[in-house]
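Text of the file data_15.pdb, holding PDB, C-alpha atoms:
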```pdb
ATOM      1  CA  MET A  12      92.900 117.681 159.598
ATOM      2  CA  THR A  13      93.489 114.933 157.006
ATOM      3  CA  LEU A  14      97.124 113.862 156.779
ATOM      4  CA  SER A  15      98.972 111.451 154.509
ATOM      5  CA  ARG A  16     102.521 110.103 154.650
ATOM      6  CA  TRP A  17     104.988 109.923 151.759
ATOM      7  CA  THR A  18     108.576 108.720 151.293
ATOM      8  CA  ASP A  19     111.234 110.558 149.283
ATOM      9  CA  ASN A  20     113.311 108.101 147.224
ATOM     10  CA  SER A  21     115.508 110.694 145.499
ATOM     11  CA  GLU A  22     118.538 109.821 147.676
ATOM     12  CA  ASN A  23     118.869 113.530 148.514
ATOM     13  CA  SER A  24     119.476 114.434 152.149
ATOM     14  CA  MET A  25     116.818 116.333 154.069
ATOM     15  CA  ASP A  26     118.895 119.524 153.902
ATOM     16  CA  GLU A  27     119.281 119.138 150.136
ATOM     17  CA  ILE A  28     115.528 118.585 149.774
ATOM     18  CA  LEU A  29     114.698 121.696 151.793
ATOM     19  CA  GLU A  30     117.268 123.798 149.963
ATOM     20  CA  ASN A  31     115.866 122.712 146.609
ATOM     21  CA  MET A  32     112.279 123.498 147.638
ATOM     22  CA  LEU A  33     113.198 126.972 148.874
ATOM     23  CA  ASN A  34     115.454 127.857 145.942
ATOM     24  CA  TYR A  35     112.635 127.456 143.431
ATOM     25  CA  GLU A  36     113.679 130.646 141.631
ATOM     26  CA  ASN A  37     116.646 128.660 140.272
ATOM     27  CA  TRP A  38     114.558 125.970 138.573
ATOM     28  CA  LEU A  39     110.919 127.060 138.389
ATOM     29  CA  THR A  40     109.383 127.948 135.055
ATOM     30  CA  ARG A  41     106.584 130.243 136.108
ATOM     31  CA  ASP A  42     103.125 129.640 134.668
ATOM     32  CA  LEU A  43     101.326 132.505 132.978
ATOM     33  CA  ASP A  44      97.723 133.598 133.201
ATOM     34  CA  PRO A  45      96.571 132.995 129.580
ATOM     35  CA  LEU A  46      94.212 135.978 129.698
ATOM     36  CA  THR A  47      96.386 138.656 131.300
ATOM     37  CA  GLU A  48      99.829 137.073 130.712
ATOM     38  CA  ASP A  49     100.701 137.847 134.341
ATOM     39  CA  TYR A  50     102.803 135.361 136.261
ATOM     40  CA  LEU A  51     100.826 133.077 138.533
ATOM     41  CA  ARG A  52     101.697 133.142 142.216
ATOM     42  CA  TYR A  53     104.187 130.569 143.543
ATOM     43  CA  GLN A  54     105.643 130.737 147.045
ATOM     44  CA  VAL A  55     107.307 128.264 149.422
ATOM     45  CA  ASP A  56     108.412 129.197 152.948
ATOM     46  CA  LYS A  57     110.222 127.393 155.759
ATOM     47  CA  VAL A  58     108.709 128.036 159.202
ATOM     48  CA  PHE A  59     111.743 127.179 161.346
ATOM     49  CA  ASP A  60     114.984 128.982 160.464
ATOM     50  CA  GLU A  61     116.925 126.033 161.852
ATOM     51  CA  ASN A  62     115.783 122.405 161.685
ATOM     52  CA  LYS A  63     114.370 121.107 164.953
ATOM     53  CA  THR A  64     114.914 117.715 166.578
ATOM     54  CA  VAL A  65     112.896 115.380 168.766
ATOM     55  CA  THR A  66     113.694 111.890 170.078
ATOM     56  CA  LEU A  67     111.057 109.290 169.187
ATOM     57  CA  ASN A  68     111.462 105.512 169.539
ATOM     58  CA  ASN A  69     114.978 106.197 170.879
ATOM     59  CA  GLN A  70     115.859 107.784 167.528
ATOM     60  CA  GLU A  71     116.657 111.449 166.914
ATOM     61  CA  ILE A  72     114.286 112.850 164.305
ATOM     62  CA  THR A  73     115.089 116.096 162.492
ATOM     63  CA  TYR A  74     112.138 118.047 161.120
ATOM     64  CA  ASN A  75     110.969 121.292 159.565
ATOM     65  CA  TYR A  76     107.651 122.749 158.496
ATOM     66  CA  ILE A  77     107.053 123.997 154.952
ATOM     67  CA  ARG A  78     104.162 126.241 153.890
ATOM     68  CA  TYR A  79     103.344 126.527 150.199
ATOM     69  CA  GLU A  80     100.880 128.294 147.945
ATOM     70  CA  TYR A  81     100.717 128.430 144.176
ATOM     71  CA  GLU A  82      98.101 129.197 141.558
ATOM     72  CA  ARG A  83      96.719 127.107 138.718
ATOM     73  CA  ILE A  84      94.387 127.775 135.804
ATOM     74  CA  ARG A  85      91.060 126.025 136.127
ATOM     75  CA  PRO A  86      90.525 123.711 133.133
ATOM     76  CA  GLY A  87      87.841 125.057 130.798
ATOM     77  CA  GLU A  88      87.943 128.546 132.348
ATOM     78  CA  GLU A  89      91.033 129.842 130.556
ATOM     79  CA  ASN A  90      89.110 132.732 128.957
ATOM     80  CA  ASN A  91      86.785 133.536 131.837
ATOM     81  CA  GLU A  92      87.237 137.236 132.666
ATOM     82  CA  MET A  93      86.434 136.646 136.333
ATOM     83  CA  ARG A  94      89.822 135.819 137.872
ATOM     84  CA  SER A  95      88.346 134.000 140.872
ATOM     85  CA  LEU A  96      86.853 131.451 138.466
ATOM     86  CA  ARG A  97      89.785 131.362 136.062
ATOM     87  CA  VAL A  98      92.541 130.989 138.661
ATOM     88  CA  TYR A  99      92.470 128.809 141.768
ATOM     89  CA  PRO A 100      95.039 128.524 144.580
ATOM     90  CA  LEU A 101      96.619 125.376 146.001
ATOM     91  CA  ALA A 102      97.938 125.842 149.536
ATOM     92  CA  GLY A 103      98.993 123.639 152.404
ATOM     93  CA  PHE A 104     101.889 122.490 154.527
ATOM     94  CA  ILE A 105     104.463 119.716 154.470
ATOM     95  CA  LEU A 106     106.148 118.348 157.565
ATOM     96  CA  VAL A 107     109.553 117.172 156.319
ATOM     97  CA  TYR A 108     111.409 114.826 158.696
ATOM     98  CA  SER A 109     114.325 112.423 158.679
ATOM     99  CA  ASP A 110     116.077 109.890 160.873
ATOM    100  CA  GLY A 111     119.344 110.611 159.064
ATOM    101  CA  THR A 112     118.839 107.798 156.568
ATOM    102  CA  SER A 113     115.357 108.239 155.107
ATOM    103  CA  THR A 114     113.336 111.415 154.519
ATOM    104  CA  GLN A 115     109.559 111.415 154.618
ATOM    105  CA  TYR A 116     106.732 113.913 154.289
ATOM    106  CA  ILE A 117     103.454 114.322 156.112
ATOM    107  CA  THR A 118     101.114 116.713 154.335
ATOM    108  CA  ASN A 119      97.601 117.978 154.979
ATOM    109  CA  ARG A 120      96.092 116.219 151.990
ATOM    110  CA  SER A 121      94.805 112.724 151.332
ATOM    111  CA  GLY A 122      97.093 110.101 149.809
ATOM    112  CA  GLY A 123      95.937 110.382 146.205
ATOM    113  CA  ASP A 124      97.533 111.220 142.871
ATOM    114  CA  ASN A 125      96.770 114.935 143.235
ATOM    115  CA  THR A 126      98.861 115.090 146.395
ATOM    116  CA  LYS A 127     101.686 113.224 144.679
ATOM    117  CA  THR A 128     101.563 115.764 141.827
ATOM    118  CA  ILE A 129     101.855 118.636 144.314
ATOM    119  CA  LEU A 130     104.828 117.051 146.104
ATOM    120  CA  ARG A 131     106.599 116.382 142.812
ATOM    121  CA  LYS A 132     106.042 119.969 141.681
ATOM    122  CA  LEU A 133     107.384 121.419 144.932
ATOM    123  CA  ASN A 134     110.509 119.247 144.602
ATOM    124  CA  ASN A 135     110.917 119.714 140.846
ATOM    125  CA  TYR A 136     110.905 115.937 140.437
ATOM    126  CA  SER A 137     110.261 114.330 137.074
ATOM    127  CA  LYS A 138     110.715 110.599 137.761
ATOM    128  CA  ARG A 139     107.661 108.623 138.816
ATOM    129  CA  LEU A 140     109.142 106.790 141.830
ATOM    130  CA  GLU A 141     110.984 109.669 143.477
ATOM    131  CA  ILE A 142     108.007 110.120 145.809
ATOM    132  CA  ILE A 143     105.812 107.195 146.846
ATOM    133  CA  PRO A 144     102.865 106.986 149.271
ATOM    134  CA  SER A 145     103.483 105.327 152.652
ATOM    135  CA  PRO A 146     100.025 104.716 154.144
ATOM    136  CA  PHE A 147      99.350 102.680 157.260
ATOM    137  CA  ASN A 148      97.868  99.230 156.690
ATOM    138  CA  ILE A 149      94.493  99.519 158.438
ATOM    139  CA  THR A 150      91.632  97.044 158.047
ATOM    140  CA  GLU A 151      88.076  96.737 159.373
ATOM    141  CA  ASP A 152      89.356  94.024 161.701
ATOM    142  CA  VAL A 153      91.564  96.659 163.374
ATOM    143  CA  PHE A 154      88.406  98.696 164.039
ATOM    144  CA  THR A 155      86.685  95.739 165.706
ATOM    145  CA  TRP A 156      89.797  94.858 167.721
ATOM    146  CA  MET A 157      89.980  98.432 169.033
ATOM    147  CA  ILE A 158      86.394  98.225 170.281
ATOM    148  CA  TYR A 159      87.172  94.844 171.850
ATOM    149  CA  ARG A 160      90.177  96.338 173.658
ATOM    150  CA  VAL A 161      88.210  99.329 174.934
ATOM    151  CA  LEU A 162      85.322  97.215 176.269
ATOM    152  CA  ASN A 163      87.357  94.374 177.758
ATOM    153  CA  TYR A 164      90.562  96.021 178.927
ATOM    154  CA  GLY A 165      89.469  99.574 179.689
ATOM    155  CA  GLU A 166      92.340 101.582 181.114
ATOM    156  CA  ASN A 167      94.967  98.866 180.554
ATOM    157  CA  SER A 168      98.003 100.006 178.589
ATOM    158  CA  LEU A 169      98.742  98.440 175.219
ATOM    159  CA  GLU A 170     102.432  98.406 176.211
ATOM    160  CA  ASP A 171     104.274  97.281 179.309
ATOM    161  CA  ASP A 172     106.959  99.977 179.394
ATOM    162  CA  THR A 173     104.867 103.002 178.392
ATOM    163  CA  HIS A 174     101.312 104.161 179.053
ATOM    164  CA  LEU A 175      99.288 103.864 175.850
ATOM    165  CA  SER A 176      95.541 103.364 176.185
ATOM    166  CA  LEU A 177      92.463 103.682 174.011
ATOM    167  CA  LYS A 178      90.162 105.876 176.095
ATOM    168  CA  LYS A 179      87.120 105.617 173.843
ATOM    169  CA  ILE A 180      86.167 105.161 170.212
ATOM    170  CA  ILE A 181      83.633 107.059 168.133
ATOM    171  CA  GLY A 182      82.306 105.590 164.900
ATOM    172  CA  PHE A 183      81.457 107.749 161.909
ATOM    173  CA  LYS A 184      79.274 106.910 158.965
ATOM    174  CA  GLY A 185      80.796 107.137 155.483
ATOM    175  CA  ALA A 186      82.643 110.348 154.730
ATOM    176  CA  THR A 187      80.364 112.470 156.922
ATOM    177  CA  GLN A 188      80.721 113.354 160.573
ATOM    178  CA  ASP A 189      77.498 111.595 161.643
ATOM    179  CA  ARG A 190      78.116 109.892 164.975
ATOM    180  CA  LEU A 191      77.007 106.270 165.103
ATOM    181  CA  ALA A 192      78.234 105.233 168.512
ATOM    182  CA  GLU A 193      80.519 106.116 171.355
ATOM    183  CA  VAL A 194      82.228 103.169 172.987
ATOM    184  CA  ARG A 195      83.956 103.524 176.347
ATOM    185  CA  GLY A 196      85.604 101.147 178.771
ATOM    186  CA  THR A 197      83.828 102.815 181.694
ATOM    187  CA  GLY A 198      80.268 103.825 182.562
ATOM    188  CA  ASN A 199      77.013 101.983 181.965
ATOM    189  CA  LYS A 200      77.945  98.554 180.624
ATOM    190  CA  ILE A 201      74.697  97.877 178.776
ATOM    191  CA  MET A 202      74.807 101.277 177.047
ATOM    192  CA  ASN A 203      78.337 100.531 175.887
ATOM    193  CA  LEU A 204      77.217  97.142 174.589
ATOM    194  CA  LEU A 205      74.278  98.683 172.736
ATOM    195  CA  SER A 206      76.583 101.331 171.262
ATOM    196  CA  THR A 207      78.982  98.599 170.171
ATOM    197  CA  LEU A 208      76.161  96.584 168.634
ATOM    198  CA  ALA A 209      74.964  99.646 166.706
ATOM    199  CA  PHE A 210      78.507 100.227 165.475
ATOM    200  CA  LEU A 211      78.942  96.621 164.370
ATOM    201  CA  PHE A 212      75.588  96.545 162.575
ATOM    202  CA  GLU A 213      76.590  99.661 160.638
ATOM    203  CA  ASN A 214      80.161  98.483 160.095
ATOM    204  CA  GLU A 215      79.766  98.054 156.334
ATOM    205  CA  HIS A 216      79.057 101.793 156.144
ATOM    206  CA  VAL A 217      81.931 102.936 158.371
ATOM    207  CA  SER A 218      85.037 104.141 156.590
ATOM    208  CA  PHE A 219      86.961 105.224 159.692
ATOM    209  CA  ILE A 220      86.828 105.377 163.472
ATOM    210  CA  LYS A 221      88.077 107.953 165.901
ATOM    211  CA  PRO A 222      89.944 106.699 168.955
ATOM    212  CA  VAL A 223      90.805 109.049 171.770
ATOM    213  CA  VAL A 224      94.307 107.967 172.729
ATOM    214  CA  GLU A 225      96.140 108.631 175.962
ATOM    215  CA  TYR A 226      99.883 108.308 175.467
ATOM    216  CA  GLN A 227     102.231 109.176 178.314
ATOM    217  CA  HIS A 228     101.105 112.738 179.132
ATOM    218  CA  GLU A 229      99.372 113.411 175.798
ATOM    219  CA  THR A 230      95.687 112.968 174.944
ATOM    220  CA  ILE A 231      95.051 113.022 171.204
ATOM    221  CA  GLU A 232      91.938 112.407 169.126
ATOM    222  CA  ILE A 233      92.818 110.726 165.846
ATOM    223  CA  SER A 234      90.834 109.176 163.012
ATOM    224  CA  LEU A 235      91.994 106.193 160.975
ATOM    225  CA  ASP A 236      90.455 105.177 157.661
ATOM    226  CA  LEU A 237      90.711 102.105 155.471
ATOM    227  CA  TYR A 238      93.041 103.923 153.069
ATOM    228  CA  GLY A 239      95.708 104.588 155.686
ATOM    229  CA  THR A 240      94.972 108.316 155.900
ATOM    230  CA  ILE A 241      95.118 109.857 159.367
ATOM    231  CA  ASP A 242      93.125 112.749 160.790
ATOM    232  CA  ILE A 243      94.266 114.556 163.934
ATOM    233  CA  ASP A 244      92.012 116.878 165.937
ATOM    234  CA  PHE A 245      94.600 119.458 167.003
ATOM    235  CA  GLU A 246      91.968 121.619 168.734
ATOM    236  CA  SER A 247      91.078 118.938 171.298
ATOM    237  CA  TYR A 248      94.701 118.038 172.124
ATOM    238  CA  THR A 249      95.921 118.252 175.718
ATOM    239  CA  GLY A 250      99.480 117.546 176.821
ATOM    240  CA  ASN A 251     103.020 118.807 177.173
ATOM    241  CA  TYR A 252     103.022 120.837 173.948
ATOM    242  CA  ILE A 253      99.803 122.795 174.517
ATOM    243  CA  MET A 254     101.651 126.115 175.009
ATOM    244  CA  HIS A 255     104.073 125.703 172.091
ATOM    245  CA  GLN A 256     103.872 127.898 169.013
ATOM    246  CA  GLU A 257     101.218 126.447 166.688
ATOM    247  CA  GLU A 258     103.415 125.018 163.928
ATOM    248  CA  GLU A 259     105.815 123.476 166.435
ATOM    249  CA  LYS A 260     102.967 122.064 168.531
ATOM    250  CA  ASN A 261     101.247 120.556 165.491
ATOM    251  CA  SER A 262     104.549 119.173 164.194
ATOM    252  CA  LEU A 263     105.285 117.398 167.483
ATOM    253  CA  ILE A 264     101.731 116.033 167.825
ATOM    254  CA  THR A 265     101.872 114.762 164.241
ATOM    255  CA  LEU A 266     105.292 113.134 164.620
ATOM    256  CA  ILE A 267     104.315 111.427 167.888
ATOM    257  CA  THR A 268     101.105 110.164 166.292
ATOM    258  CA  PHE A 269     102.748 108.876 163.109
ATOM    259  CA  LEU A 270     106.029 107.581 164.546
ATOM    260  CA  GLU A 271     104.974 106.226 167.933
ATOM    261  CA  ILE A 272     101.244 106.048 168.686
ATOM    262  CA  ILE A 273      99.840 104.458 165.524
ATOM    263  CA  PRO A 274     102.783 102.059 164.991
ATOM    264  CA  LYS A 275     102.503 100.938 168.630
ATOM    265  CA  ILE A 276      98.741 100.370 168.310
ATOM    266  CA  LEU A 277      99.161  98.357 165.114
ATOM    267  CA  THR A 278     102.061  96.405 166.624
ATOM    268  CA  ARG A 279      99.878  95.394 169.587
ATOM    269  CA  TYR A 280      97.109  94.375 167.176
ATOM    270  CA  ARG A 281      99.511  92.145 165.214
ATOM    271  CA  ASN A 282     100.969  90.713 168.431
ATOM    272  CA  ASP A 283      97.462  89.832 169.613
ATOM    273  CA  LEU A 284      96.920  88.040 166.298
ATOM    274  CA  ASP A 285     100.213  86.169 166.581
ATOM    275  CA  ASN A 286      99.511  85.189 170.191
ATOM    276  CA  GLU A 287      95.913  84.248 169.309
ATOM    277  CA  GLU A 288      94.631  86.708 171.880
ATOM    278  CA  TRP A 289      92.644  88.054 168.942
ATOM    279  CA  SER A 290      91.362  85.581 166.361
ATOM    280  CA  ILE A 291      88.254  84.634 164.429
ATOM    281  CA  ASP A 292      87.120  82.508 167.384
ATOM    282  CA  GLU A 293      87.720  85.352 169.823
ATOM    283  CA  LYS A 294      85.819  87.723 167.539
ATOM    284  CA  VAL A 295      82.881  85.285 167.425
ATOM    285  CA  ASN A 296      82.974  84.993 171.227
ATOM    286  CA  PHE A 297      83.080  88.802 171.456
ATOM    287  CA  PHE A 298      79.999  89.191 169.261
ATOM    288  CA  THR A 299      78.201  86.329 171.015
ATOM    289  CA  GLY A 300      78.975  87.794 174.435
ATOM    290  CA  ILE A 301      77.539  91.167 173.448
ATOM    291  CA  GLY A 302      74.310  89.501 172.319
ATOM    292  CA  ALA A 303      74.100  87.332 175.451
ATOM    293  CA  ASP A 304      74.634  90.245 177.850
ATOM    294  CA  ILE A 305      71.992  92.314 176.082
ATOM    295  CA  GLN A 306      69.536  89.387 176.126
ATOM    296  CA  VAL A 307      70.045  88.946 179.879
ATOM    297  CA  LYS A 308      69.311  92.635 180.404
ATOM    298  CA  ILE A 309      66.195  92.467 178.204
ATOM    299  CA  LYS A 310      64.906  89.428 180.138
ATOM    300  CA  GLU A 311      65.485  91.292 183.402
ATOM    301  CA  LYS A 312      63.495  94.241 182.090
ATOM    302  CA  ILE A 313      60.682  91.956 180.866
ATOM    303  CA  SER A 314      60.541  90.135 184.218
ATOM    304  CA  ALA A 315      60.472  93.424 186.112
ATOM    305  CA  ALA A 316      57.700  94.768 183.863
ATOM    306  CA  ALA A 317      55.670  91.547 184.258
ATOM    307  CA  ALA A 318      56.056  91.649 188.053
ATOM    308  CA  GLU A 319      54.968  95.297 188.081
ATOM    309  CA  ALA A 320      51.909  94.475 185.945
ATOM    310  CA  ALA A 321      50.967  91.544 188.207
ATOM    311  CA  ALA A 322      51.277  93.679 191.312
ATOM    312  CA  SER A 323      49.137  96.361 189.718
ATOM    313  CA  LYS A 324      46.362  93.856 188.967
ATOM    314  CA  GLU A 325      46.417  92.562 192.556
ATOM    315  CA  ASN A 326      45.905  96.083 193.829
ATOM    316  CA  GLU A 327      42.893  96.717 191.567
TER     317      GLU A 327
END
```

Using the file provided, produce a representation of the structure as structure tokens.
Amino acid sequence: MTLSRWTDNSENSMDEILENMLNYENWLTRDLDPLTEDYLRYQVDKVFDENKTVTLNNQEITYNYIRYEYERIRPGEENNEMRSLRVYPLAGFILVYSDGTSTQYITNRSGGDNTKTILRKLNNYSKRLEIIPSPFNITEDVFTWMIYRVLNYGENSLEDDTHLSLKKIIGFKGATQDRLAEVRGTGNKIMNLLSTLAFLFENEHVSFIKPVVEYQHETIEISLDLYGTIDIDFESYTGNYIMHQEEEKNSLITLITFLEIIPKILTRYRNDLDNEEWSIDEKVNFFTGIGADIQVKIKEKISAAAAEAAASKENE
């Protein structure tokens, strides 16, 4: 599920934001179907009657889960008598959360202008900077560093005081779900090196990678792209929240991913840069080492094949 993060700059508290969203009857001017003159559907619901809390990074986070659905007229189809072509629905959810100072949203849409338009409509905002995108800063170098960590440090935690490890990484080509490679820190070394080499050769075509992360007692599959959008595979999740009601489970997984896991991964990446544990030279050595190990294995295979051929001739 694609997720993007946004910050509310309205200076309203989280409770005021939620109240305003839910009390849309007080401010909403309902759109009409131009053909039938019926009101178009507009509905916003709060899943949790009372806001919930969770402690992340030693900070109490308050959150709630909003479901919305409203209808729009499809441009150019205003007079089409078939309603399914004339009218189209927009539906989704917003995870609203706050640390008591700032309120942010995580929604199941990418971080583009269309999503910003939806968030502004649901809040009845008219100023341009009341809602701004807050994507993660992710680069191709982060992708390569993750592979480096998986191959060279395996099960080692990225942090000293908590268990946070990259179990494996799967590369995907472009915007499709075509698997390029699966890189693990365990198993057949040469197969992992070949998988890594395939990934690196296709790197110009890879828009995101999918690490399987083990964090404390949670195992979560997430995807990170170059635009800072995050994708979480809720179906494959295992951990403490597996038996929770779906919206609460997904809320907690999302908050842990956005507020702890990804920031901790990116912090370790930046620390490795600052400490020169990861640098251009180290990257070159990484690439060179992959090539050297593969060449050694190829030479071993060639020598074994030559010895087998020589033995076969002697027996003729």

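Distance check against Val65 (chain A) using all atoms listed in the file: of A:Asp110, A:Glu141, A:Asp26, A:Glu288, the minimum falls on A:Asp110.
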
| said: Using all atoms listed in the file for the distances, tell me which of A:Leu235, A:Leu169, A:Val55, A:Ile301 is nearest to Ser121 (chain A). | reply: A:Leu235

| message | If we count only C-alpha atoms and set the cut-off at 10 Å, which residues sit around region 276-282 of chain A, ignoring sequence neighbours fewer than 4 positions away in its own chain? Please answer as a PyMOL selection string. | response | chain A and resi 147-149+152-153+156-157+160+169-170+175-177+224+271-272+286-289

Requested write-out: C-alpha atoms of the selected residues, as a compact mmCIF listing (two decimals), in the frame of the given file:
```txt
# COMPACT_ATOMS: atom_id res chain seq x y z
CA PHE A 147 99.35 102.68 157.26
CA ASN A 148 97.87 99.23 156.69
CA ILE A 149 94.49 99.52 158.44
CA ASP A 152 89.36 94.02 161.70
CA VAL A 153 91.56 96.66 163.37
CA TRP A 156 89.80 94.86 167.72
CA MET A 157 89.98 98.43 169.03
CA ARG A 160 90.18 96.34 173.66
CA LEU A 169 98.74 98.44 175.22
CA GLU A 170 102.43 98.41 176.21
CA LEU A 175 99.29 103.86 175.85
CA SER A 176 95.54 103.36 176.18
CA LEU A 177 92.46 103.68 174.01
CA VAL A 224 94.31 107.97 172.73
CA GLU A 271 104.97 106.23 167.93
CA ILE A 272 101.24 106.05 168.69
CA ASN A 286 99.51 85.19 170.19
CA GLU A 287 95.91 84.25 169.31
CA GLU A 288 94.63 86.71 171.88
CA TRP A 289 92.64 88.05 168.94
```

Please tell me which residues are no farther than 10 Å from (109.0, 122.7, 143.7) in the file, counting all atoms listed in the file, and write them as a JSON list (two decimals) with C-alpha atoms, in the frame of the given file.
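Contents of result02.json, freshly written:
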```
[["chain", "number", "residue", "atom", "x", "y", "z"],
["A", 28, "ILE", "CA", 115.53, 118.58, 149.77],
["A", 29, "LEU", "CA", 114.70, 121.70, 151.79],
["A", 31, "ASN", "CA", 115.87, 122.71, 146.61],
["A", 32, "MET", "CA", 112.28, 123.50, 147.64],
["A", 33, "LEU", "CA", 113.20, 126.97, 148.87],
["A", 34, "ASN", "CA", 115.45, 127.86, 145.94],
["A", 35, "TYR", "CA", 112.64, 127.46, 143.43],
["A", 36, "GLU", "CA", 113.68, 130.65, 141.63],
["A", 38, "TRP", "CA", 114.56, 125.97, 138.57],
["A", 39, "LEU", "CA", 110.92, 127.06, 138.39],
["A", 53, "TYR", "CA", 104.19, 130.57, 143.54],
["A", 54, "GLN", "CA", 105.64, 130.74, 147.04],
["A", 55, "VAL", "CA", 107.31, 128.26, 149.42],
["A", 79, "TYR", "CA", 103.34, 126.53, 150.20],
["A", 129, "ILE", "CA", 101.86, 118.64, 144.31],
["A", 130, "LEU", "CA", 104.83, 117.05, 146.10],
["A", 131, "ARG", "CA", 106.60, 116.38, 142.81],
["A", 132, "LYS", "CA", 106.04, 119.97, 141.68],
["A", 133, "LEU", "CA", 107.38, 121.42, 144.93],
["A", 134, "ASN", "CA", 110.51, 119.25, 144.60],
["A", 135, "ASN", "CA", 110.92, 119.71, 140.85],
["A", 136, "TYR", "CA", 110.90, 115.94, 140.44]]
```

| said: For this structure, which residues satisfy the selection - the PyMOL selection byres ((chain A and resi 80-96) around 10) - when it is evaluated on the file as given? I want them as a PyMOL selection string. | reply: chain A and resi 42-47+50-56+78-79+97-104+129+133

| task | On this file, the PyMOL selection byres ((chain A and resi 25) around 12) gives some set of residues; write that set as a PyMOL selection string. | result | chain A and resi 18-24+26-32+62+72-75+106-116+134

May I have the residues from that selection written out with C-alpha atoms, as a tab-separated table (two decimals), in the coordinates of the input?
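After the write, part.tsv holds the following:
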```
chain	number	residue	atom	x	y	z
A	18	THR	CA	108.58	108.72	151.29
A	19	ASP	CA	111.23	110.56	149.28
A	20	ASN	CA	113.31	108.10	147.22
A	21	SER	CA	115.51	110.69	145.50
A	22	GLU	CA	118.54	109.82	147.68
A	23	ASN	CA	118.87	113.53	148.51
A	24	SER	CA	119.48	114.43	152.15
A	26	ASP	CA	118.90	119.52	153.90
A	27	GLU	CA	119.28	119.14	150.14
A	28	ILE	CA	115.53	118.58	149.77
A	29	LEU	CA	114.70	121.70	151.79
A	30	GLU	CA	117.27	123.80	149.96
A	31	ASN	CA	115.87	122.71	146.61
A	32	MET	CA	112.28	123.50	147.64
A	62	ASN	CA	115.78	122.40	161.68
A	72	ILE	CA	114.29	112.85	164.30
A	73	THR	CA	115.09	116.10	162.49
A	74	TYR	CA	112.14	118.05	161.12
A	75	ASN	CA	110.97	121.29	159.56
A	106	LEU	CA	106.15	118.35	157.56
A	107	VAL	CA	109.55	117.17	156.32
A	108	TYR	CA	111.41	114.83	158.70
A	109	SER	CA	114.32	112.42	158.68
A	110	ASP	CA	116.08	109.89	160.87
A	111	GLY	CA	119.34	110.61	159.06
A	112	THR	CA	118.84	107.80	156.57
A	113	SER	CA	115.36	108.24	155.11
A	114	THR	CA	113.34	111.42	154.52
A	115	GLN	CA	109.56	111.42	154.62
A	116	TYR	CA	106.73	113.91	154.29
A	134	ASN	CA	110.51	119.25	144.60
```

Can you list, as a tab-separated table (two decimals) with C-alpha atoms, in the coordinates of the input, the residues that the PyMOL selection byres ((chain A and resi 259) around 12) selects here?
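Listing of result_24.tsv after writing:
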```tsv
chain	number	residue	atom	x	y	z
A	58	VAL	CA	108.71	128.04	159.20
A	59	PHE	CA	111.74	127.18	161.35
A	62	ASN	CA	115.78	122.40	161.68
A	63	LYS	CA	114.37	121.11	164.95
A	64	THR	CA	114.91	117.72	166.58
A	65	VAL	CA	112.90	115.38	168.77
A	74	TYR	CA	112.14	118.05	161.12
A	75	ASN	CA	110.97	121.29	159.56
A	76	TYR	CA	107.65	122.75	158.50
A	77	ILE	CA	107.05	124.00	154.95
A	106	LEU	CA	106.15	118.35	157.56
A	245	PHE	CA	94.60	119.46	167.00
A	252	TYR	CA	103.02	120.84	173.95
A	253	ILE	CA	99.80	122.80	174.52
A	254	MET	CA	101.65	126.12	175.01
A	255	HIS	CA	104.07	125.70	172.09
A	256	GLN	CA	103.87	127.90	169.01
A	257	GLU	CA	101.22	126.45	166.69
A	258	GLU	CA	103.42	125.02	163.93
A	260	LYS	CA	102.97	122.06	168.53
A	261	ASN	CA	101.25	120.56	165.49
A	262	SER	CA	104.55	119.17	164.19
A	263	LEU	CA	105.28	117.40	167.48
A	264	ILE	CA	101.73	116.03	167.82
A	265	THR	CA	101.87	114.76	164.24
A	266	LEU	CA	105.29	113.13	164.62
```

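CA of Glu246 (chain A) lies 9.2 Å from CA of Glu232 (chain A).
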
Padding of 3 Å on every side, edges along x, y and z, all listed atoms of region 284-296 of chain A included: what centre and edge lengths in Å, to one decimal, does that box have, as AutoDock Vina command-line options?
```
--center_x 91.5 --center_y 85.3 --center_z 168.2 --size_x 23.3 --size_y 11.5 --size_z 13.5
```

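One finds CA of Val223 (chain A) at 24.5 Å from CA of Trp17 (chain A).
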
| remark: Expressed in Å, the length from CA of Asn125 (chain A) to CA of Thr40 (chain A) is 19.9 Å

Please check which residues have atoms at most 10 Å from (94.1, 107.2, 165.5) in the file's coordinates, counting all atoms listed in the file, and write them as a tab-separated table (two decimals) with C-alpha atoms, keeping the file's coordinate frame.
```
chain	number	residue	atom	x	y	z
A	177	LEU	CA	92.46	103.68	174.01
A	180	ILE	CA	86.17	105.16	170.21
A	219	PHE	CA	86.96	105.22	159.69
A	220	ILE	CA	86.83	105.38	163.47
A	221	LYS	CA	88.08	107.95	165.90
A	222	PRO	CA	89.94	106.70	168.96
A	223	VAL	CA	90.80	109.05	171.77
A	224	VAL	CA	94.31	107.97	172.73
A	231	ILE	CA	95.05	113.02	171.20
A	232	GLU	CA	91.94	112.41	169.13
A	233	ILE	CA	92.82	110.73	165.85
A	234	SER	CA	90.83	109.18	163.01
A	235	LEU	CA	91.99	106.19	160.98
A	236	ASP	CA	90.46	105.18	157.66
A	240	THR	CA	94.97	108.32	155.90
A	241	ILE	CA	95.12	109.86	159.37
A	242	ASP	CA	93.12	112.75	160.79
A	243	ILE	CA	94.27	114.56	163.93
A	244	ASP	CA	92.01	116.88	165.94
A	268	THR	CA	101.10	110.16	166.29
A	269	PHE	CA	102.75	108.88	163.11
A	272	ILE	CA	101.24	106.05	168.69
A	273	ILE	CA	99.84	104.46	165.52
A	276	ILE	CA	98.74	100.37	168.31
```
